[in-house]
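S.K.: File structure32.txt follows (compact mmCIF, C-alpha atoms and all ligand atoms):
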# COMPACT_ATOMS: atom_id res chain seq x y z
CA MET S 1 -13.41 -13.43 4.22
CA ARG S 2 -11.30 -13.37 1.05
CA VAL S 3 -7.55 -13.18 1.61
CA PHE S 4 -4.99 -12.66 -1.14
CA ARG S 5 -1.36 -13.40 -0.44
CA SER S 6 1.97 -12.58 -1.99
CA ALA S 7 4.12 -15.57 -2.93
CA LEU S 8 7.15 -13.34 -2.39
CA LEU S 9 6.26 -12.49 1.23
CA GLU S 10 5.23 -16.09 1.92
CA ARG S 11 8.83 -17.11 1.30
CA TYR S 12 9.77 -15.56 4.65
CA SER S 13 8.58 -17.64 7.59
CA SER S 14 8.87 -14.67 9.96
CA LEU S 15 6.25 -12.67 8.03
CA ILE S 16 2.47 -12.96 8.40
CA HIS S 17 0.51 -10.95 5.88
CA GLY S 18 -2.68 -10.67 3.87
CA PHE S 19 -4.74 -8.46 1.61
CA VAL S 20 -8.19 -9.01 3.09
CA HIS S 21 -11.71 -8.30 1.92
CA ASP S 22 -14.12 -9.03 4.72
CA PRO S 23 -17.57 -8.22 3.28
CA GLY S 24 -19.53 -5.92 5.56
CA GLY S 25 -16.50 -4.35 7.23
CA ALA S 26 -12.88 -4.96 8.08
CA ASP S 27 -12.93 -6.33 11.64
CA LEU S 28 -9.34 -5.83 12.82
CA PRO S 29 -9.51 -7.89 16.04
CA LYS S 30 -11.02 -10.81 14.11
CA ILE S 31 -8.42 -10.59 11.33
CA SER S 32 -5.53 -10.30 13.85
CA SER S 33 -6.59 -13.30 15.88
CA ALA S 34 -7.24 -15.38 12.75
CA HIS S 35 -3.59 -14.77 11.84
CA GLY S 36 -2.07 -15.26 15.30
CA LEU S 37 -1.30 -11.57 15.81
CA GLU S 38 -1.92 -9.66 19.02
CA SER S 39 -3.30 -6.67 17.07
CA ILE S 40 -3.09 -4.84 13.75
CA LEU S 41 -2.15 -1.18 14.15
CA THR S 42 -3.49 1.34 11.66
CA VAL S 43 -3.24 5.10 11.15
CA ASN S 44 -5.68 7.86 10.31
CA GLN S 45 -4.89 8.02 6.59
CA ILE S 46 -4.85 11.51 5.12
CA HIS S 47 -3.47 11.08 1.56
CA GLY S 48 -0.13 12.57 2.58
CA ASN S 49 3.34 11.07 2.79
CA SER S 50 4.24 11.06 6.48
CA VAL S 51 5.45 7.99 8.36
CA PHE S 52 4.33 6.77 11.77
CA PHE S 53 6.80 4.61 13.73
CA ALA S 54 4.58 2.44 15.90
CA ASP S 55 7.23 0.84 18.10
CA CYS S 56 6.16 2.79 21.14
CA ALA S 57 2.52 3.36 20.22
CA THR S 58 0.14 3.61 23.13
CA GLY S 59 -2.76 2.65 20.92
CA LYS S 60 -5.18 5.33 22.15
CA GLU S 61 -5.53 7.80 19.30
CA LEU S 62 -4.75 6.96 15.68
CA PRO S 63 -2.01 9.29 14.45
CA GLU S 64 -2.36 10.96 11.05
CA ALA S 65 -0.01 9.33 8.55
CA ASP S 66 -0.04 7.18 5.41
CA SER S 67 2.78 4.79 6.31
CA ILE S 68 3.03 2.77 9.50
CA VAL S 69 6.14 0.94 10.60
CA THR S 70 6.98 -1.49 13.39
CA ARG S 71 9.68 -3.85 14.58
CA ARG S 72 7.51 -5.34 17.34
CA LYS S 73 6.98 -9.07 17.12
CA GLY S 74 3.42 -10.33 17.18
CA VAL S 75 1.97 -7.00 16.08
CA GLY S 76 0.79 -6.18 12.58
CA VAL S 77 0.61 -2.90 10.72
CA GLY S 78 -2.12 -2.27 8.19
CA VAL S 79 -3.73 0.15 5.80
CA VAL S 80 -7.35 0.39 4.73
CA THR S 81 -8.18 0.93 1.07
CA ALA S 82 -10.91 0.86 -1.56
CA ASP S 83 -9.07 1.49 -4.89
CA CYS S 84 -5.96 3.14 -3.40
CA VAL S 85 -2.73 1.13 -3.59
CA PRO S 86 -1.71 -0.87 -0.50
CA VAL S 87 2.02 -1.58 -0.28
CA LEU S 88 3.61 -3.96 2.23
CA LEU S 89 7.31 -3.17 2.54
CA CYS S 90 9.42 -5.58 4.58
CA PHE S 91 13.01 -6.00 5.69
CA PRO S 92 12.77 -9.70 6.55
CA ASP S 93 16.29 -10.10 7.96
CA SER S 94 16.01 -7.06 10.20
CA GLY S 95 12.45 -7.70 11.33
CA CYS S 96 11.14 -4.33 10.23
CA ILE S 97 7.81 -4.05 8.42
CA CYS S 98 5.75 -1.24 6.90
CA ALA S 99 2.28 -0.80 5.44
CA VAL S 100 1.78 2.11 3.05
CA HIS S 101 -1.39 3.71 1.64
CA ALA S 102 -0.84 5.25 -1.80
CA GLY S 103 -3.77 6.85 -3.58
CA TRP S 104 -3.15 9.31 -6.38
CA ARG S 105 -2.22 12.10 -3.99
CA GLY S 106 0.10 9.91 -1.93
CA THR S 107 1.67 8.49 -5.09
CA SER S 108 2.27 12.00 -6.43
CA LEU S 109 3.90 12.84 -3.07
CA ARG S 110 6.08 9.71 -3.37
CA VAL S 111 4.71 8.20 -0.17
CA VAL S 112 6.35 4.82 -0.74
CA LYS S 113 9.79 6.24 -1.38
CA ASN S 114 9.42 8.54 1.60
CA CYS S 115 8.62 5.60 3.87
CA LEU S 116 11.54 3.56 2.54
CA GLU S 117 13.99 6.41 3.06
CA ALA S 118 12.70 7.24 6.55
CA VAL S 119 12.97 3.61 7.67
CA CYS S 120 16.43 3.12 6.15
CA GLU S 121 17.65 6.25 7.89
CA LYS S 122 16.09 5.55 11.28
CA TYR S 123 17.22 1.92 11.51
CA SER S 124 20.37 2.08 9.35
CA LEU S 125 18.91 -0.28 6.76
CA SER S 126 19.43 -0.46 3.02
CA ALA S 127 16.76 -0.57 0.30
CA GLN S 128 18.47 -3.66 -1.11
CA ASP S 129 17.43 -5.52 2.05
CA ALA S 130 13.75 -4.77 1.42
CA VAL S 131 11.10 -6.71 -0.47
CA ALA S 132 7.66 -5.36 -1.31
CA ALA S 133 4.23 -6.62 -2.25
CA ILE S 134 1.68 -4.34 -3.89
CA GLY S 135 -1.90 -5.41 -3.27
CA PRO S 136 -5.17 -5.14 -5.19
CA ALA S 137 -5.94 -1.57 -6.28
CA ILE S 138 -7.82 0.16 -9.07
CA GLY S 139 -5.98 -0.75 -12.26
CA GLY S 140 -4.90 1.18 -15.30
CA CYS S 141 -7.90 -0.54 -16.95
CA CYS S 142 -10.39 1.49 -14.87
CA TYR S 143 -8.72 4.47 -13.21
CA GLU S 144 -9.80 7.42 -15.33
CA VAL S 145 -8.43 10.83 -14.39
CA ARG S 146 -8.72 14.33 -15.81
CA GLY S 147 -5.97 16.22 -17.55
CA ASP S 148 -4.99 18.20 -14.43
CA VAL S 149 -4.15 15.02 -12.51
CA ALA S 150 -2.44 13.46 -15.53
CA SER S 151 -0.25 16.50 -16.08
CA ARG S 152 0.75 16.57 -12.43
CA PHE S 153 2.16 13.05 -12.88
CA VAL S 154 3.86 13.83 -16.17
CA SER S 155 5.64 16.80 -14.61
CA GLY S 156 6.64 14.80 -11.54
CA PHE S 157 7.52 11.45 -13.11
CA GLY S 158 8.20 12.11 -16.79
CA ASP S 159 6.74 9.82 -19.45
CA GLY S 160 5.90 6.19 -18.99
CA ASP S 161 3.44 3.51 -19.97
CA TRP S 162 1.53 4.13 -16.74
CA LEU S 163 -0.54 6.81 -18.51
CA TYR S 164 -2.85 6.31 -21.47
CA GLU S 165 -4.69 9.11 -23.21
CA LYS S 166 -8.33 8.17 -23.93
CA GLY S 167 -9.28 11.41 -25.65
CA ASP S 168 -11.80 14.08 -24.58
CA GLY S 169 -9.30 15.28 -21.95
CA LYS S 170 -9.45 11.94 -20.13
CA PHE S 171 -6.61 9.61 -19.21
CA LEU S 172 -6.14 6.17 -17.66
CA LEU S 173 -3.59 6.16 -14.85
CA ASP S 174 -1.82 3.05 -13.52
CA LEU S 175 -0.95 3.80 -9.89
CA VAL S 176 0.30 0.26 -9.22
CA GLU S 177 2.90 0.57 -11.96
CA LEU S 178 3.99 4.00 -10.70
CA ASN S 179 4.53 2.65 -7.19
CA ARG S 180 6.35 -0.39 -8.56
CA ILE S 181 8.70 1.91 -10.49
CA GLU S 182 9.30 4.02 -7.36
CA LEU S 183 10.27 0.96 -5.35
CA ARG S 184 12.43 -0.46 -8.13
CA ASP S 185 14.26 2.83 -8.72
CA ALA S 186 14.85 3.20 -4.98
CA GLY S 187 16.68 -0.15 -5.02
CA VAL S 188 14.17 -2.55 -3.43
CA SER S 189 15.44 -6.02 -4.30
CA GLU S 190 12.19 -7.79 -5.17
CA ILE S 191 8.69 -6.50 -5.81
CA GLU S 192 5.53 -8.49 -6.45
CA THR S 193 2.27 -7.01 -7.65
CA ILE S 194 -1.01 -8.81 -6.98
CA ASP S 195 -2.54 -8.06 -10.34
CA MET S 196 -6.16 -7.56 -9.38
CA CYS S 197 -8.25 -4.49 -10.15
CA THR S 198 -10.60 -3.55 -7.32
CA CYS S 199 -12.99 -1.81 -9.72
CA CYS S 200 -13.57 -4.51 -12.35
CA GLN S 201 -12.74 -7.63 -10.30
CA ASP S 202 -15.36 -7.36 -7.60
CA LEU S 203 -13.29 -5.98 -4.72
CA PRO S 204 -14.06 -2.88 -2.64
CA SER S 205 -14.01 0.09 -5.02
CA TYR S 206 -14.79 3.68 -4.16
CA ARG S 207 -14.80 4.59 -7.85
CA ARG S 208 -17.39 1.92 -8.64
CA ASP S 209 -19.59 2.02 -5.52
CA GLY S 210 -19.00 5.41 -3.86
CA SER S 211 -18.41 6.16 -0.20
CA GLY S 212 -20.57 3.32 1.09
CA THR S 213 -18.22 0.70 -0.32
CA ASP S 214 -16.50 -1.97 1.76
CA LYS S 215 -12.80 -1.52 2.53
CA MET S 216 -9.87 -3.87 2.17
CA ILE S 217 -7.35 -4.24 4.96
CA SER S 218 -3.79 -5.03 3.92
CA PHE S 219 -1.47 -5.98 6.75
CA VAL S 220 1.86 -7.49 7.63
CA GLY S 221 3.23 -8.64 10.97
CA ILE S 222 6.26 -10.42 12.36
CA SER S 223 5.46 -13.77 13.90
CA PRO S 224 5.65 -13.74 17.70
ZN ZN S 301 -10.18 -2.61 -13.90
Starting from the file, give its structure as structure tokens.
M.R.:
Amino acid sequence: MRVFRSALLERYSSLIHGFVHDPGGADLPKISSAHGLESILTVNQIHGNSVFFADCATGKELPEADSIVTRRKGVGVGVVTADCVPVLLCFPDSGCICAVHAGWRGTSLRVVKNCLEAVCEKYSLSAQDAVAAIGPAIGGCCYEVRGDVASRFVSGFGDGDWLYEKGDGKFLLDLVELNRIELRDAGVSEIETIDMCTCCQDLPSYRRDGSGTDKMISFVGISP
């Protein structure tokens, strides 16, 4: 099991987190117990921007959402990815934690900002109280998109060095940088990016290996 950690999140003793690649399959019970958590809750990710508040989850059926939030101690929230961007968003002083799945569709729908705003509103929190870690994802080095996807981002986000034109109607898109900018512009106090590309640095990559690829699980919990 390979586990990457954010130095920023490690600063907070109440937080337990990891960006995990467990070759052969992400075994949630195994990963939870290895980290002293009762369980890691996930959602049925649908490349949208809705938020699931898991405080009173019964745990039977996975709800459809791309952000999952909890304030329960001893329980983690996680997202499963293979190239898409995993974001762990935490309010360490308030004991509120979120895991967000941001692929290109979710990023274009501002899934991270949507989660931040929903949590701030529901629990009367402020973005300045949040810190975020962005995990391994397909990098701007490898994530080639067609002109229709590129132009959707230009019209939604303006210009930026997160898009590079390769020629022949192809572009390289940096989803990590876009999500970092979203969090920064929304007022999140500190953001760390784990600068690893899933596609060219031997992590689970849908773009490289297709649908049979392994998945990463990125989670955060509050210590019991
Ligand atoms: Zn790469």
S.K.: May I have the residues within 12 Å of ligand ZN 301 (chain S), computed using all atoms listed in the file, as a PyMOL selection string?
M.R.: chain S and resi 83+136-144+172-176+195-205+207-208
S.K.: Pick the closest to Ser223 (chain S) from S:Gly158, S:Gly76, S:Gly167, S:Gly147: which is it, counting only C-alpha atoms?
M.R.: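 Nearest to Ser223 (chain S): S:Gly76.
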S.K.: Compare S:Ala82, S:Cys90, S:Val100, S:Ile40 by their minimum atom-to-atom distance to Leu8 (chain S), counting only C-alpha atoms, and give me the closest one.
M.R.: S:Cys90
S.K.: How big is the axis-aligned box around the listed atoms of region 155-159 of chain S once 3 Å is added on each side, and where is its centre? Give both in Å to one decimal, as lines of an AutoDock Vina configuration file.
M.R.:
center_x = 6.9
center_y = 13.3
center_z = -15.5
size_x = 8.6
size_y = 13.0
size_z = 13.9
S.K.: Do you have the CA of Leu89 (chain S)-CA of Ala130 (chain S) distance handy?
M.R.: 6.7 Å
S.K.: Will you give me region 13-28 of chain S, written with all heavy atoms and laid out as a compact mmCIF listing (two decimals), in the first residue's frame?
M.R.:
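As written to disk, selection_32.txt reads:
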# COMPACT_ATOMS: atom_id res chain seq x y z
N SER S 13 -3.25 17.80 14.54
CA SER S 13 -3.25 16.48 15.18
C SER S 13 -4.63 15.83 15.16
O SER S 13 -4.75 14.62 15.31
CB SER S 13 -2.73 16.59 16.61
OG SER S 13 -3.54 17.51 17.31
N SER S 14 -5.68 16.63 14.98
CA SER S 14 -7.03 16.05 14.95
C SER S 14 -7.35 15.36 13.62
O SER S 14 -8.32 14.62 13.53
CB SER S 14 -8.06 17.15 15.21
OG SER S 14 -7.96 18.13 14.19
N LEU S 15 -6.55 15.61 12.59
CA LEU S 15 -6.87 15.08 11.26
C LEU S 15 -6.06 13.82 10.95
O LEU S 15 -4.87 13.75 11.23
CB LEU S 15 -6.59 16.12 10.17
CG LEU S 15 -7.36 17.44 10.26
CD1 LEU S 15 -6.92 18.38 9.12
CD2 LEU S 15 -8.88 17.20 10.18
N ILE S 16 -6.75 12.84 10.36
CA ILE S 16 -6.11 11.62 9.88
C ILE S 16 -6.43 11.58 8.38
O ILE S 16 -7.59 11.68 8.00
CB ILE S 16 -6.74 10.38 10.55
CG1 ILE S 16 -6.57 10.45 12.07
CG2 ILE S 16 -6.14 9.10 9.98
CD1 ILE S 16 -7.42 9.42 12.82
N HIS S 17 -5.41 11.47 7.55
CA HIS S 17 -5.72 11.50 6.12
C HIS S 17 -4.72 10.68 5.32
O HIS S 17 -3.66 10.30 5.84
CB HIS S 17 -5.72 12.95 5.60
CG HIS S 17 -4.33 13.44 5.33
ND1 HIS S 17 -3.45 13.80 6.32
CD2 HIS S 17 -3.63 13.57 4.16
CE1 HIS S 17 -2.28 14.15 5.78
NE2 HIS S 17 -2.37 14.02 4.47
N GLY S 18 -5.01 10.45 4.07
CA GLY S 18 -4.07 9.81 3.18
C GLY S 18 -4.60 9.79 1.76
O GLY S 18 -5.81 9.87 1.53
N PHE S 19 -3.66 9.74 0.83
CA PHE S 19 -3.97 9.52 -0.58
C PHE S 19 -3.38 8.14 -0.87
O PHE S 19 -2.16 8.00 -0.93
CB PHE S 19 -3.34 10.60 -1.46
CG PHE S 19 -3.78 12.00 -1.12
CD1 PHE S 19 -3.03 12.80 -0.27
CD2 PHE S 19 -4.97 12.51 -1.64
CE1 PHE S 19 -3.44 14.10 0.04
CE2 PHE S 19 -5.37 13.80 -1.33
CZ PHE S 19 -4.61 14.59 -0.49
N VAL S 20 -4.22 7.13 -1.01
CA VAL S 20 -3.76 5.75 -0.96
C VAL S 20 -3.87 5.05 -2.30
O VAL S 20 -4.91 5.12 -2.96
CB VAL S 20 -4.60 4.96 0.08
CG1 VAL S 20 -4.11 3.51 0.17
CG2 VAL S 20 -4.57 5.62 1.44
N HIS S 21 -2.81 4.37 -2.68
CA HIS S 21 -2.88 3.42 -3.81
C HIS S 21 -2.61 2.04 -3.25
O HIS S 21 -1.50 1.74 -2.82
CB HIS S 21 -1.86 3.76 -4.90
CG HIS S 21 -1.84 2.72 -5.99
ND1 HIS S 21 -0.72 2.44 -6.73
CD2 HIS S 21 -2.82 1.91 -6.46
CE1 HIS S 21 -1.02 1.48 -7.61
NE2 HIS S 21 -2.28 1.14 -7.46
N ASP S 22 -3.65 1.23 -3.25
CA ASP S 22 -3.54 -0.14 -2.75
C ASP S 22 -3.65 -1.04 -3.99
O ASP S 22 -4.75 -1.27 -4.48
CB ASP S 22 -4.70 -0.39 -1.76
CG ASP S 22 -4.48 -1.65 -0.95
OD1 ASP S 22 -3.40 -2.25 -1.07
OD2 ASP S 22 -5.39 -2.01 -0.20
N PRO S 23 -2.53 -1.50 -4.53
CA PRO S 23 -2.59 -2.25 -5.80
C PRO S 23 -3.55 -3.43 -5.69
O PRO S 23 -3.56 -4.14 -4.70
CB PRO S 23 -1.16 -2.72 -6.01
CG PRO S 23 -0.34 -1.74 -5.24
CD PRO S 23 -1.16 -1.38 -4.03
N GLY S 24 -4.39 -3.57 -6.72
CA GLY S 24 -5.35 -4.67 -6.73
C GLY S 24 -6.72 -4.27 -6.22
O GLY S 24 -7.66 -5.03 -6.35
N GLY S 25 -6.84 -3.08 -5.65
CA GLY S 25 -8.17 -2.64 -5.22
C GLY S 25 -8.12 -1.91 -3.90
O GLY S 25 -7.38 -2.30 -3.00
N ALA S 26 -8.92 -0.84 -3.81
CA ALA S 26 -8.95 -0.05 -2.59
C ALA S 26 -9.88 -0.74 -1.59
O ALA S 26 -11.09 -0.78 -1.79
CB ALA S 26 -9.44 1.36 -2.89
N ASP S 27 -9.29 -1.33 -0.55
CA ASP S 27 -10.06 -2.07 0.46
C ASP S 27 -10.36 -1.10 1.62
O ASP S 27 -9.50 -0.88 2.48
CB ASP S 27 -9.20 -3.26 0.90
CG ASP S 27 -9.89 -4.12 1.94
OD1 ASP S 27 -10.81 -3.62 2.63
OD2 ASP S 27 -9.50 -5.28 2.08
N LEU S 28 -11.56 -0.54 1.62
CA LEU S 28 -11.88 0.51 2.59
C LEU S 28 -11.80 0.05 4.05
O LEU S 28 -11.22 0.76 4.87
CB LEU S 28 -13.26 1.12 2.30
CG LEU S 28 -13.30 2.03 1.06
CD1 LEU S 28 -14.72 2.45 0.75
CD2 LEU S 28 -12.42 3.25 1.27
